[in-house]
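Next comes upload.cif, with mmCIF, C-alpha atoms.
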data_run
loop_
_atom_site.label_atom_id
_atom_site.label_comp_id
_atom_site.auth_asym_id
_atom_site.auth_seq_id
_atom_site.Cartn_x
_atom_site.Cartn_y
_atom_site.Cartn_z
CA MET S 754 -50.31 -3.58 22.71
CA PRO S 755 -50.99 -1.30 25.71
CA PRO S 756 -48.81 -2.10 28.78
CA LEU S 757 -51.91 -2.98 30.84
CA TRP S 758 -52.73 -5.79 28.42
CA LYS S 759 -49.18 -7.08 28.58
CA TRP S 760 -49.60 -7.34 32.31
CA LEU S 761 -53.10 -8.82 32.28
CA LEU S 762 -52.74 -11.31 29.43
CA PRO S 763 -50.80 -14.02 31.32
CA SER S 764 -53.32 -13.95 34.16
CA ILE S 765 -56.26 -14.15 31.75
CA ILE S 766 -54.64 -17.12 29.99
CA ALA S 767 -54.12 -18.85 33.33
CA ILE S 768 -57.73 -18.22 34.37
CA LEU S 769 -59.05 -19.47 31.02
CA LEU S 770 -56.86 -22.55 31.31
CA VAL S 771 -58.27 -23.42 34.71
CA GLU S 772 -61.82 -22.51 33.68
CA SER S 773 -61.57 -24.53 30.47
CA SER S 774 -60.54 -27.51 32.56
CA GLY S 775 -64.00 -27.55 34.07
CA ALA S 776 -65.54 -27.47 30.62
CA GLN S 777 -63.19 -30.21 29.48
CA GLN S 778 -64.20 -32.44 32.38
CA ALA S 779 -67.86 -31.74 31.78
CA SER S 780 -67.60 -32.63 28.10
CA ASP S 781 -65.64 -35.79 28.93
CA GLY S 782 -68.08 -36.72 31.66
CA THR S 783 -65.14 -37.44 33.95
CA SER S 784 -64.75 -36.29 37.51
CA ALA S 785 -61.53 -36.69 39.39
CA THR S 786 -62.61 -34.22 42.10
CA PRO S 787 -62.06 -36.06 44.37
CA ALA S 788 -60.64 -39.28 42.90
CA SER S 789 -63.07 -42.17 43.16
CA SER S 790 -61.37 -44.65 45.47
CA PRO S 791 -58.69 -44.53 48.16
CA LEU S 792 -55.19 -45.81 47.49
CA THR S 793 -54.60 -49.41 48.51
CA GLU S 794 -52.10 -50.39 51.19
CA ALA S 795 -49.88 -51.78 48.43
CA GLN S 796 -50.00 -48.48 46.52
CA LEU S 797 -49.10 -46.52 49.65
CA LYS S 798 -46.13 -48.80 50.26
CA ALA S 799 -44.99 -48.66 46.64
CA ALA S 800 -45.23 -44.86 46.40
CA ILE S 801 -42.03 -43.29 45.11
CA ALA S 802 -40.09 -40.81 47.25
CA LEU S 803 -37.59 -38.53 45.52
CA ASP S 804 -35.27 -36.03 47.15
CA SER S 805 -36.02 -33.44 44.48
CA LEU S 806 -39.81 -33.51 44.97
CA THR S 807 -40.59 -35.27 48.25
CA VAL S 808 -38.40 -33.00 50.39
CA PRO S 809 -39.78 -29.44 50.36
CA THR S 810 -37.29 -26.61 49.90
CA PRO S 811 -36.79 -24.07 52.71
CA GLY S 812 -38.27 -21.54 50.27
CA GLU S 813 -41.50 -23.53 50.10
CA PHE S 814 -41.65 -23.69 53.90
CA PHE S 815 -40.97 -19.95 54.22
CA LYS S 816 -43.59 -19.09 51.57
CA ALA S 817 -46.22 -20.68 53.83
CA ILE S 818 -44.88 -18.70 56.82
CA ASP S 819 -45.15 -15.42 54.92
CA LYS S 820 -48.92 -15.94 54.66
CA THR S 821 -49.38 -16.10 58.43
CA GLY S 822 -48.01 -12.64 59.23
CA LYS S 823 -44.95 -10.44 58.84
CA PRO S 824 -42.06 -12.53 60.15
CA ASN S 825 -38.94 -10.77 61.38
CA TRP S 826 -36.55 -12.73 59.16
CA VAL S 827 -33.55 -10.58 60.10
CA SER S 828 -33.84 -11.83 63.68
CA GLN S 829 -33.01 -15.31 62.41
CA PHE S 830 -29.67 -14.41 60.81
CA ARG S 831 -26.74 -16.14 62.46
CA PRO S 832 -23.06 -15.20 62.61
CA PRO S 833 -20.95 -16.45 59.68
CA THR S 834 -20.52 -20.19 60.06
CA PRO S 835 -17.05 -21.78 59.81
CA ILE S 836 -16.62 -23.46 56.43
CA GLY S 837 -13.39 -25.29 57.21
CA GLY S 838 -15.01 -28.69 57.37
CA VAL S 839 -14.06 -31.67 59.50
CA ASN S 840 -14.97 -34.21 56.80
CA ARG S 841 -17.23 -34.54 53.75
CA ALA S 842 -20.28 -35.59 55.78
CA GLN S 843 -20.03 -32.51 57.96
CA MET S 844 -19.42 -30.27 54.95
CA ALA S 845 -22.53 -31.64 53.19
CA LEU S 846 -24.70 -31.10 56.27
CA ASN S 847 -23.26 -27.62 56.69
CA LEU S 848 -23.86 -26.81 53.02
CA GLY S 849 -27.56 -27.61 53.54
CA THR S 850 -27.78 -25.21 56.48
CA LEU S 851 -26.02 -22.50 54.46
CA ILE S 852 -28.42 -22.86 51.54
CA ALA S 853 -31.29 -22.44 54.03
CA ASP S 854 -29.52 -19.29 55.27
CA GLY S 855 -29.63 -18.04 51.68
CA TYR S 856 -33.42 -18.39 51.62
CA ILE S 857 -33.65 -16.50 54.94
CA ALA S 858 -31.58 -13.64 53.52
CA VAL S 859 -33.84 -13.54 50.47
CA GLU S 860 -36.95 -13.45 52.67
CA ALA S 861 -35.34 -10.59 54.64
CA GLN S 862 -34.51 -8.93 51.29
CA ASP S 863 -30.95 -8.30 52.45
CA GLY S 864 -28.78 -8.22 49.32
CA GLN S 865 -25.45 -8.07 51.14
CA GLN S 866 -26.35 -11.04 53.31
CA VAL S 867 -27.40 -13.01 50.20
CA LYS S 868 -24.04 -12.25 48.57
CA ASN S 869 -22.09 -13.23 51.70
CA ILE S 870 -23.93 -16.52 52.01
CA GLY S 871 -23.64 -17.17 48.27
CA ARG S 872 -19.87 -16.78 48.63
CA ASP S 873 -19.79 -19.25 51.54
CA VAL S 874 -21.95 -21.75 49.63
CA LEU S 875 -19.51 -21.59 46.72
CA ALA S 876 -16.48 -21.98 49.00
CA LEU S 877 -17.99 -25.03 50.67
CA ALA S 878 -19.11 -26.46 47.33
CA LYS S 879 -15.51 -26.11 46.16
CA LYS S 880 -14.33 -28.18 49.11
CA LEU S 881 -16.81 -30.85 48.00
CA SER S 882 -15.38 -30.61 44.46
CA VAL S 883 -18.62 -29.32 42.93
CA SER S 884 -17.71 -25.68 42.51
CA ASP S 885 -17.33 -25.56 38.71
CA SER S 886 -20.93 -26.40 38.02
CA VAL S 887 -22.31 -23.98 40.60
CA LEU S 888 -19.95 -21.11 39.79
CA ALA S 889 -22.32 -19.69 37.20
CA ARG S 890 -25.16 -19.88 39.72
CA GLY S 891 -23.03 -17.95 42.22
CA LYS S 892 -22.58 -15.15 39.71
CA SER S 893 -26.34 -15.04 39.05
CA ILE S 894 -27.04 -14.91 42.79
CA THR S 895 -24.73 -11.90 43.15
CA GLN S 896 -26.34 -10.16 40.18
CA PHE S 897 -29.90 -10.80 41.37
CA ALA S 898 -28.96 -9.67 44.89
CA GLU S 899 -27.55 -6.41 43.52
CA ASP S 900 -30.72 -5.90 41.45
CA GLY S 901 -33.03 -6.80 44.36
CA SER S 902 -34.69 -9.50 42.22
CA TRP S 903 -36.02 -11.52 45.16
CA ASP S 904 -38.32 -13.87 43.25
CA GLN S 905 -35.53 -14.81 40.86
CA LEU S 906 -33.19 -15.29 43.83
CA ASN S 907 -35.55 -17.84 45.35
CA GLU S 908 -35.55 -19.80 42.11
CA GLU S 909 -31.79 -19.42 41.75
CA LEU S 910 -31.21 -20.80 45.24
CA GLU S 911 -33.27 -23.87 44.51
CA ALA S 912 -31.50 -24.30 41.19
CA THR S 913 -28.15 -23.96 42.99
CA GLN S 914 -29.15 -26.61 45.50
CA ASN S 915 -30.15 -28.96 42.66
CA GLU S 916 -26.96 -28.12 40.77
CA VAL S 917 -24.91 -29.09 43.82
CA LYS S 918 -26.85 -32.35 44.17
CA LYS S 919 -26.45 -33.10 40.45
CA ALA S 920 -22.71 -32.50 40.71
CA LEU S 921 -22.55 -34.80 43.73
CA VAL S 922 -24.23 -37.52 41.64
CA GLU S 923 -21.74 -36.94 38.82
CA ASN S 924 -18.89 -37.22 41.34
CA ARG S 925 -20.37 -40.52 42.62
CA ASP S 926 -21.14 -38.76 45.91
CA ASN S 927 -24.89 -39.57 45.92
CA ASP S 928 -24.80 -40.30 49.65
CA LEU S 929 -23.98 -36.70 50.45
CA ILE S 930 -27.25 -35.50 48.85
CA THR S 931 -29.25 -36.80 51.81
CA LEU S 932 -27.01 -34.88 54.18
CA VAL S 933 -27.45 -31.61 52.24
CA SER S 934 -31.25 -32.04 52.42
CA ILE S 935 -31.15 -32.86 56.13
CA GLY S 936 -28.98 -29.83 56.90
CA GLY S 937 -31.40 -27.57 55.02
CA TRP S 938 -34.48 -28.97 56.76
CA ILE S 939 -32.94 -28.72 60.26
CA ARG S 940 -31.87 -25.11 59.76
CA GLY S 941 -35.23 -24.22 58.15
CA THR S 942 -37.11 -25.71 61.11
CA GLN S 943 -34.85 -23.89 63.56
CA VAL S 944 -35.65 -20.60 61.84
CA VAL S 945 -39.42 -21.15 61.73
CA THR S 946 -39.54 -22.21 65.38
CA GLY S 947 -37.27 -19.26 66.21
CA LEU S 948 -39.80 -16.90 64.64
CA LEU S 949 -42.54 -18.60 66.66
CA VAL S 950 -40.61 -18.35 69.93
CA GLU S 951 -40.28 -14.65 69.20
CA SER S 952 -43.93 -14.19 68.28
CA TYR S 953 -46.23 -17.21 68.71
CA ASN S 954 -48.88 -17.70 66.06
CA PRO S 955 -51.04 -20.89 65.97
CA GLU S 956 -51.39 -20.78 62.17
CA THR S 957 -47.61 -20.87 61.76
CA ALA S 958 -47.24 -23.50 64.47
CA LYS S 959 -49.51 -25.85 62.50
CA LEU S 960 -46.96 -25.79 59.65
CA LEU S 961 -44.48 -27.71 61.80
CA ARG S 962 -46.39 -30.96 61.25
CA GLN S 963 -44.09 -33.06 59.04
CA PRO S 964 -43.95 -36.62 60.48
CA ALA S 965 -43.40 -38.46 57.20
CA LEU S 966 -40.68 -36.09 56.05
CA VAL S 967 -38.44 -36.76 59.05
CA GLY S 968 -39.16 -40.49 58.68
CA TYR S 969 -38.06 -40.28 55.04
CA LEU S 970 -34.86 -38.39 55.90
CA ARG S 971 -34.00 -40.89 58.64
CA SER S 972 -34.62 -43.82 56.30
CA LYS S 973 -32.15 -42.25 53.85
CA LEU S 974 -29.62 -41.91 56.67
CA ASP S 975 -30.04 -45.61 57.45
CA GLN S 976 -29.23 -46.42 53.82
CA LEU S 977 -25.90 -44.56 53.91
CA PRO S 978 -22.74 -46.63 53.60
CA ASN S 979 -21.00 -47.48 56.86
CA LYS S 980 -18.29 -44.83 56.46
CA PHE S 981 -20.97 -42.12 56.64
CA ARG S 982 -23.45 -43.88 58.92
CA GLN S 983 -20.78 -44.37 61.56
CA ASP S 984 -19.48 -40.83 61.31
CA LYS S 985 -19.67 -39.23 64.77
CA LEU S 986 -21.72 -36.25 63.61
CA VAL S 987 -24.07 -38.34 61.44
CA VAL S 988 -24.72 -40.68 64.40
CA LYS S 989 -25.61 -37.63 66.48
CA VAL S 990 -27.83 -36.17 63.75
CA ASN S 991 -29.65 -39.49 63.36
CA ALA S 992 -30.25 -39.79 67.11
CA ASP S 993 -31.43 -36.18 67.42
CA LEU S 994 -33.71 -36.57 64.39
CA GLN S 995 -35.51 -39.36 66.23
CA ASN S 996 -36.33 -36.92 69.01
CA ILE S 997 -37.25 -34.21 66.49
CA ALA S 998 -39.50 -36.68 64.63
CA ASN S 999 -41.58 -37.06 67.79
CA LEU S 1000 -41.91 -33.28 68.07
CA VAL S 1001 -43.20 -32.82 64.51
CA SER S 1002 -45.45 -35.90 64.58
CA PHE S 1003 -48.82 -34.77 65.85
CA PRO S 1004 -52.43 -35.21 64.63
CA ALA S 1005 -53.63 -32.89 61.85
CA ASP S 1006 -56.03 -31.15 64.24
CA HIS S 1007 -53.42 -30.48 66.95
CA VAL S 1008 -51.83 -27.04 67.22
CA PRO S 1009 -48.38 -27.14 68.87
CA THR S 1010 -48.25 -25.02 72.01
CA ALA S 1011 -45.66 -22.29 72.59
CA ASP S 1012 -43.78 -24.67 74.91
CA GLU S 1013 -43.76 -27.46 72.34
CA VAL S 1014 -42.44 -25.03 69.74
CA LYS S 1015 -39.72 -23.89 72.14
CA THR S 1016 -38.62 -27.49 72.72
CA LEU S 1017 -38.39 -28.07 68.97
CA ASN S 1018 -36.46 -24.82 68.53
CA GLN S 1019 -33.94 -25.85 71.17
CA ALA S 1020 -33.49 -29.27 69.58
CA THR S 1021 -32.93 -27.90 66.06
CA ALA S 1022 -30.73 -25.00 67.27
CA LYS S 1023 -28.49 -27.46 69.13
CA LEU S 1024 -28.21 -29.66 66.06
CA THR S 1025 -27.49 -26.73 63.72
CA LYS S 1026 -24.71 -25.61 66.07
CA GLU S 1027 -23.25 -29.11 66.17
CA ILE S 1028 -23.32 -29.31 62.38
CA SER S 1029 -21.53 -26.01 61.87
CA ALA S 1030 -18.93 -26.89 64.52
CA GLY S 1031 -18.54 -30.45 63.25
CA GLU S 1032 -18.78 -31.75 66.80
CA MET L 1293 -39.42 -61.73 27.81
CA LYS L 1294 -41.65 -58.66 27.44
CA ARG L 1295 -41.45 -58.06 31.18
CA LEU L 1296 -37.65 -58.39 31.06
CA LEU L 1297 -37.40 -55.84 28.23
CA LEU L 1298 -39.70 -53.48 30.12
CA SER L 1299 -37.59 -53.86 33.27
CA ILE L 1300 -34.40 -53.16 31.33
CA SER L 1301 -35.93 -50.08 29.68
CA VAL L 1302 -37.15 -48.77 33.06
CA LEU L 1303 -33.68 -49.43 34.53
CA LEU L 1304 -31.96 -47.60 31.66
CA CYS L 1305 -34.45 -44.76 31.95
CA GLY L 1306 -33.81 -44.49 35.68
CA THR L 1307 -30.07 -44.59 35.14
CA ALA L 1308 -30.29 -41.83 32.57
CA VAL L 1309 -32.24 -39.66 35.01
CA LEU L 1310 -29.83 -40.44 37.85
CA PHE L 1311 -26.87 -39.27 35.83
CA GLY L 1312 -28.69 -36.26 34.46
CA ALA L 1313 -28.94 -37.32 30.83
CA GLU L 1314 -32.47 -36.97 29.47
CA THR L 1315 -33.68 -39.17 26.64
CA ASP L 1316 -35.46 -37.54 23.69
CA GLU L 1317 -38.81 -38.75 25.05
CA GLN L 1318 -38.06 -37.26 28.46
CA THR L 1319 -36.98 -33.97 26.92
CA LYS L 1320 -40.22 -33.80 24.93
CA ALA L 1321 -42.38 -34.68 27.95
CA HIS L 1322 -40.48 -32.15 30.09
CA SER L 1323 -40.96 -29.45 27.48
CA GLU L 1324 -44.70 -30.22 27.24
CA VAL L 1325 -45.23 -30.08 31.00
CA LEU L 1326 -43.25 -26.84 31.30
CA ASP L 1327 -45.55 -25.42 28.65
CA LEU L 1328 -48.54 -26.25 30.87
CA ALA L 1329 -46.87 -25.04 34.07
CA GLY L 1330 -46.10 -21.71 32.41
CA ALA L 1331 -49.75 -20.74 32.81
CA PHE L 1332 -49.55 -21.34 36.55
CA GLN L 1333 -46.29 -19.38 36.78
CA ASN L 1334 -48.04 -16.46 35.13
CA ASP L 1335 -50.53 -16.69 37.97
CA GLY L 1336 -47.77 -16.29 40.58
CA PHE L 1337 -46.91 -19.95 41.16
CA LYS L 1338 -43.23 -20.80 41.70
CA LEU L 1339 -41.98 -23.85 39.84
CA ARG L 1340 -39.98 -26.39 41.85
CA ASP L 1341 -36.73 -27.28 40.13
CA GLY L 1342 -37.35 -31.03 40.27
CA THR L 1343 -38.86 -33.56 37.88
CA TRP L 1344 -40.19 -37.08 38.13
CA TYR L 1345 -40.12 -39.35 35.10
CA ALA L 1346 -42.03 -42.61 35.30
CA GLN L 1347 -44.21 -44.87 33.19
CA ALA L 1348 -47.93 -45.47 33.62
CA SER L 1349 -50.50 -47.45 31.66
CA GLN L 1350 -54.21 -48.20 31.92
CA GLY L 1351 -54.82 -49.81 35.32
CA HIS L 1352 -51.21 -49.24 36.37
CA PRO L 1353 -50.99 -45.73 37.82
CA MET L 1354 -47.87 -44.40 39.51
CA VAL L 1355 -47.77 -42.66 42.90
CA ILE L 1356 -45.26 -40.24 44.45
CA GLN L 1357 -45.03 -38.88 48.01
CA VAL L 1358 -44.91 -35.13 48.59
CA ASN L 1359 -44.77 -33.12 51.81
CA LEU L 1360 -46.91 -30.00 51.62
CA TYR L 1361 -47.66 -26.97 53.79
CA SER L 1362 -51.12 -25.73 54.70
CA GLY L 1363 -51.65 -22.19 53.46
CA ASN L 1364 -49.75 -22.82 50.24
CA ALA L 1365 -51.54 -23.58 46.97
CA TYR L 1366 -50.12 -26.27 44.69
CA TRP L 1367 -50.45 -27.38 41.07
CA PHE L 1368 -49.16 -30.82 40.10
CA ALA L 1369 -48.72 -30.99 36.34
CA VAL L 1370 -47.88 -33.94 34.07
CA ALA L 1371 -47.37 -34.45 30.36
CA ASN L 1372 -45.96 -37.04 28.04
CA ALA L 1373 -44.52 -36.98 24.55
CA ASN L 1374 -47.51 -38.65 22.91
CA SER L 1375 -50.33 -36.19 22.31
CA SER L 1376 -53.05 -38.85 22.15
CA THR L 1377 -52.48 -40.28 25.66
CA GLY L 1378 -54.95 -39.23 28.32
CA LEU L 1379 -53.41 -38.56 31.71
CA THR L 1380 -55.10 -37.83 35.03
CA VAL L 1381 -53.64 -36.44 38.25
CA SER L 1382 -55.22 -37.20 41.64
CA VAL L 1383 -54.17 -36.25 45.16
CA PHE L 1384 -54.60 -38.32 48.35
CA ASP L 1385 -54.02 -37.56 52.03
CA ASP L 1386 -51.56 -39.39 54.28
CA HIS L 1387 -54.08 -42.23 54.79
CA GLY L 1388 -54.58 -42.63 51.04
CA ASN L 1389 -58.01 -41.01 50.98
CA PRO L 1390 -58.78 -38.85 47.93
CA VAL L 1391 -58.87 -35.09 48.44
CA GLU L 1392 -60.76 -32.52 46.45
CA VAL L 1393 -58.68 -30.98 43.68
CA GLN L 1394 -59.19 -28.64 40.76
CA ASN L 1395 -58.53 -30.63 37.60
CA TYR L 1396 -57.14 -29.76 34.22
CA GLN L 1397 -56.98 -32.37 31.49
CA LYS L 1398 -56.33 -31.99 27.80
CA ASP L 1399 -54.61 -34.27 25.27
CA ASN L 1400 -51.28 -35.35 26.72
CA LYS L 1401 -51.36 -32.89 29.61
CA ALA L 1402 -53.10 -32.93 32.99
CA ALA L 1403 -52.87 -31.08 36.29
CA ALA L 1404 -54.42 -31.03 39.74
CA GLY L 1405 -54.65 -27.88 41.85
CA PHE L 1406 -54.89 -28.19 45.60
CA SER L 1407 -54.61 -26.15 48.83
CA PRO L 1408 -54.02 -28.48 51.82
CA ASP L 1409 -55.85 -27.85 55.07
CA ALA L 1410 -53.14 -29.63 57.04
CA SER L 1411 -49.38 -29.74 56.57
CA GLY L 1412 -47.82 -33.14 56.04
CA LEU L 1413 -47.64 -36.08 53.67
CA TYR L 1414 -49.77 -36.37 50.55
CA TYR L 1415 -49.72 -38.78 47.61
CA VAL L 1416 -49.96 -37.70 43.99
CA GLU L 1417 -51.19 -40.35 41.55
CA VAL L 1418 -50.71 -40.21 37.78
CA SER L 1419 -53.05 -42.43 35.74
CA SER L 1420 -52.94 -43.08 32.02
CA SER L 1421 -55.61 -44.25 29.60
CA ALA L 1422 -53.02 -45.79 27.28
CA PRO L 1423 -52.92 -49.62 27.18
CA ALA L 1424 -49.11 -49.60 26.81
CA ALA L 1425 -46.74 -48.11 29.38
CA THR L 1426 -45.85 -44.56 28.39
CA LEU L 1427 -43.37 -42.22 29.98
CA PHE L 1428 -44.59 -39.04 31.65
CA CYS L 1429 -42.92 -36.10 33.38
CA LEU L 1430 -44.35 -34.59 36.58
CA ILE L 1431 -43.45 -31.23 38.06
CA TYR L 1432 -45.11 -29.07 40.66
CA SER L 1433 -45.49 -25.43 41.48
CA TYR L 1434 -46.63 -23.58 44.59
CA LYS L 1435 -47.58 -20.14 45.85
#

How would this structure read if it were set down as structure tokens?
Amino acid sequence: MPPLWKWLLPSIIAILLVESSGAQQASDGTSATPASSPLTEAQLKAAIALDSLTVPTPGEFFKAIDKTGKPNWVSQFRPPTPIGGVNRAQMALNLGTLIADGYIAVEAQDGQQVKNIGRDVLALAKKLSVSDSVLARGKSITQFAEDGSWDQLNEELEATQNEVKKALVENRDNDLITLVSIGGWIRGTQVVTGLLVESYNPETAKLLRQPALVGYLRSKLDQLPNKFRQDKLVVKVNADLQNIANLVSFPADHVPTADEVKTLNQATAKLTKEISAGE
Amino acid sequence: MKRLLLSISVLLCGTAVLFGAETDEQTKAHSEVLDLAGAFQNDGFKLRDGTWYAQASQGHPMVIQVNLYSGNAYWFAVANANSSTGLTVSVFDDHGNPVEVQNYQKDNKAAAGFSPDASGLYYVEVSSSAPAATLFCLIYSYK
């Protein structure tokens, strides 16, 4: 088979699949475009929320940013963060921010930075007793970084994050999963707002609208056992998230101004700093 | 009694997912939905490394919350282990109003493609034409 066909075939199959869907619907006489009736209040209340699907990954957030221009990802690197760890809650939050750093390094296509962060993620995972299961992922990250396989690195980072969460479940540390997700979202939002402070773009600013997501994360914090909920840093994170929730809760047709973005950037930068310091 | 057995099976199913052990039915449904999502991956879509297993039956759809970004394109794909069960995927905005999607539906597989105008919360509903509750697996991809 000529190389061109090898390249084109998957795309043709995908197009045919989507096209055939129209034919399928027509022959069935069904139309779910859009669905016939709105969801009831009861259905909205009963809707499932899962960490692995309801909380977007930093990679998903950054993919949307890439479409709005050429972000200067390197400008959002931060100095190596201490991985000593005050307690398990702080380490879990910090691990989330570090995984987000990994996505930033991938977006910047900086192999050395990816490897450095991968090493820190593994070291912190070890402190949380989940290193064995993510060790193989760490090796893959290094290999992909050396090869410059950026797409695979994105997938590997998400797989690593899920591997860490799975290991936390196996270690009966389910409560820490919420903290890893929160750390990742805070750092991701700091980076996106940082890019906007540097170069304001209304299309990117619109992406900051995530009211339900912060509400979901805060509800998970409220469900934590007392030992975590009363942790000094977690109390601070919860209080700051309330303020941040207000900043990302705006109508769908509102575009955050440069000043609003700056306020959000300051709030998330402060929180990221507190998480890494364990204050 | 039937309801009790159903509750126990759902509980066991949920427990199995929580601790990472997939049942044979879940493995089959997962494999089927990955088969469908492969076509989207070939078109540049990135697959999220997360799955949702649940049970739906005729008149008893299941709904999950997702937080999406405007500018991205999404495909929500579902499948189950039983090839004769018809599944449908629908997407709703944060008020529960239906949004326009591109549909795919064949045998035990279905998908909805969607590019949100606004970032934020959306609901994805999975409906089944089967009278009895059957397990399905949902995944999503984006680009």

- Query: Separation of atom CA of Val808 of chain S and atom CA of Asn954 of chain S, in Å?
  - Reply: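 Atom CA of Asn954 of chain S lies 24.3 Å from atom CA of Val808 of chain S.
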
Dump as number ranges by chain the residues of chain L that approach chain S to within 7 Å, counting all atoms listed in the file. L: 1311, 1331-1332, 1334-1335, 1341-1342, 1355-1359, 1361-1364, 1382, 1388-1397, 1410-1413

Considering all atoms listed in the file, return as an mmCIF file with C-alpha atoms, in the frame of the given file whatever protein or nucleic-acid residues lie within 9 Å of Leu1326 of chain L, sequence-local ones (same chain, fewer than 6 positions apart) excluded.
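Writing the result to part.cif gives the following:
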data_model
loop_
_atom_site.group_PDB
_atom_site.id
_atom_site.type_symbol
_atom_site.label_atom_id
_atom_site.label_comp_id
_atom_site.auth_asym_id
_atom_site.auth_seq_id
_atom_site.Cartn_x
_atom_site.Cartn_y
_atom_site.Cartn_z
ATOM 1 C CA ALA L 1369 -48.720 -30.990 36.340
ATOM 2 C CA VAL L 1370 -47.880 -33.940 34.070
ATOM 3 C CA ALA L 1371 -47.370 -34.450 30.360
ATOM 4 C CA ILE L 1431 -43.450 -31.230 38.060
#

Which residues come within 10 Å of segment 980-994 of chain S, counting only C-alpha atoms, excluding same-chain residues fewer than 6 positions away, as a tab-separated table (two decimals) with C-alpha atoms, keeping the file's coordinate frame?
chain	number	residue	atom	x	y	z
S	839	VAL	CA	-14.06	-31.67	59.50
S	840	ASN	CA	-14.97	-34.21	56.80
S	841	ARG	CA	-17.23	-34.54	53.75
S	842	ALA	CA	-20.28	-35.59	55.78
S	843	GLN	CA	-20.03	-32.51	57.96
S	846	LEU	CA	-24.70	-31.10	56.27
S	928	ASP	CA	-24.80	-40.30	49.65
S	929	LEU	CA	-23.98	-36.70	50.45
S	932	LEU	CA	-27.01	-34.88	54.18
S	935	ILE	CA	-31.15	-32.86	56.13
S	936	GLY	CA	-28.98	-29.83	56.90
S	939	ILE	CA	-32.94	-28.72	60.26
S	967	VAL	CA	-38.44	-36.76	59.05
S	968	GLY	CA	-39.16	-40.49	58.68
S	970	LEU	CA	-34.86	-38.39	55.90
S	971	ARG	CA	-34.00	-40.89	58.64
S	972	SER	CA	-34.62	-43.82	56.30
S	974	LEU	CA	-29.62	-41.91	56.67
S	1000	LEU	CA	-41.91	-33.28	68.07
S	1020	ALA	CA	-33.49	-29.27	69.58
S	1021	THR	CA	-32.93	-27.90	66.06
S	1023	LYS	CA	-28.49	-27.46	69.13
S	1024	LEU	CA	-28.21	-29.66	66.06
S	1025	THR	CA	-27.49	-26.73	63.72
S	1027	GLU	CA	-23.25	-29.11	66.17
S	1028	ILE	CA	-23.32	-29.31	62.38
S	1030	ALA	CA	-18.93	-26.89	64.52
S	1031	GLY	CA	-18.54	-30.45	63.25
S	1032	GLU	CA	-18.78	-31.75	66.80

Step by step, gather every atom of segment 809-827 of chain S that the file lists, find the box along x, y and z that holds them, add 6 Å on each side, and finally give centre and edge lengths in Å to one decimal, as lines of an AutoDock Vina configuration file.
center_x = -41.5
center_y = -19.9
center_z = 55.6
size_x = 27.8
size_y = 31.0
size_z = 23.5

Practice prompt. Extract, using only C-alpha atoms, all DNA, RNA and protein residues at most 10 Å from Ala1373 of chain L, discarding same-chain residues fewer than 3 positions from it, and format them as a VMD selection string.
Written response: chain L and resid 1316 to 1325 1376 to 1377 1400 to 1401 1426 to 1429

Here atom CA of Thr1380 of chain L and atom CA of Ser1419 of chain L stand apart by 5.1 Å

Checklist entry - atom CA of Asn869 of chain S and atom CA of Gly947 of chain S are how many Å apart? => result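 Separation between atom CA of Asn869 of chain S and atom CA of Gly947 of chain S: 21.8 Å.
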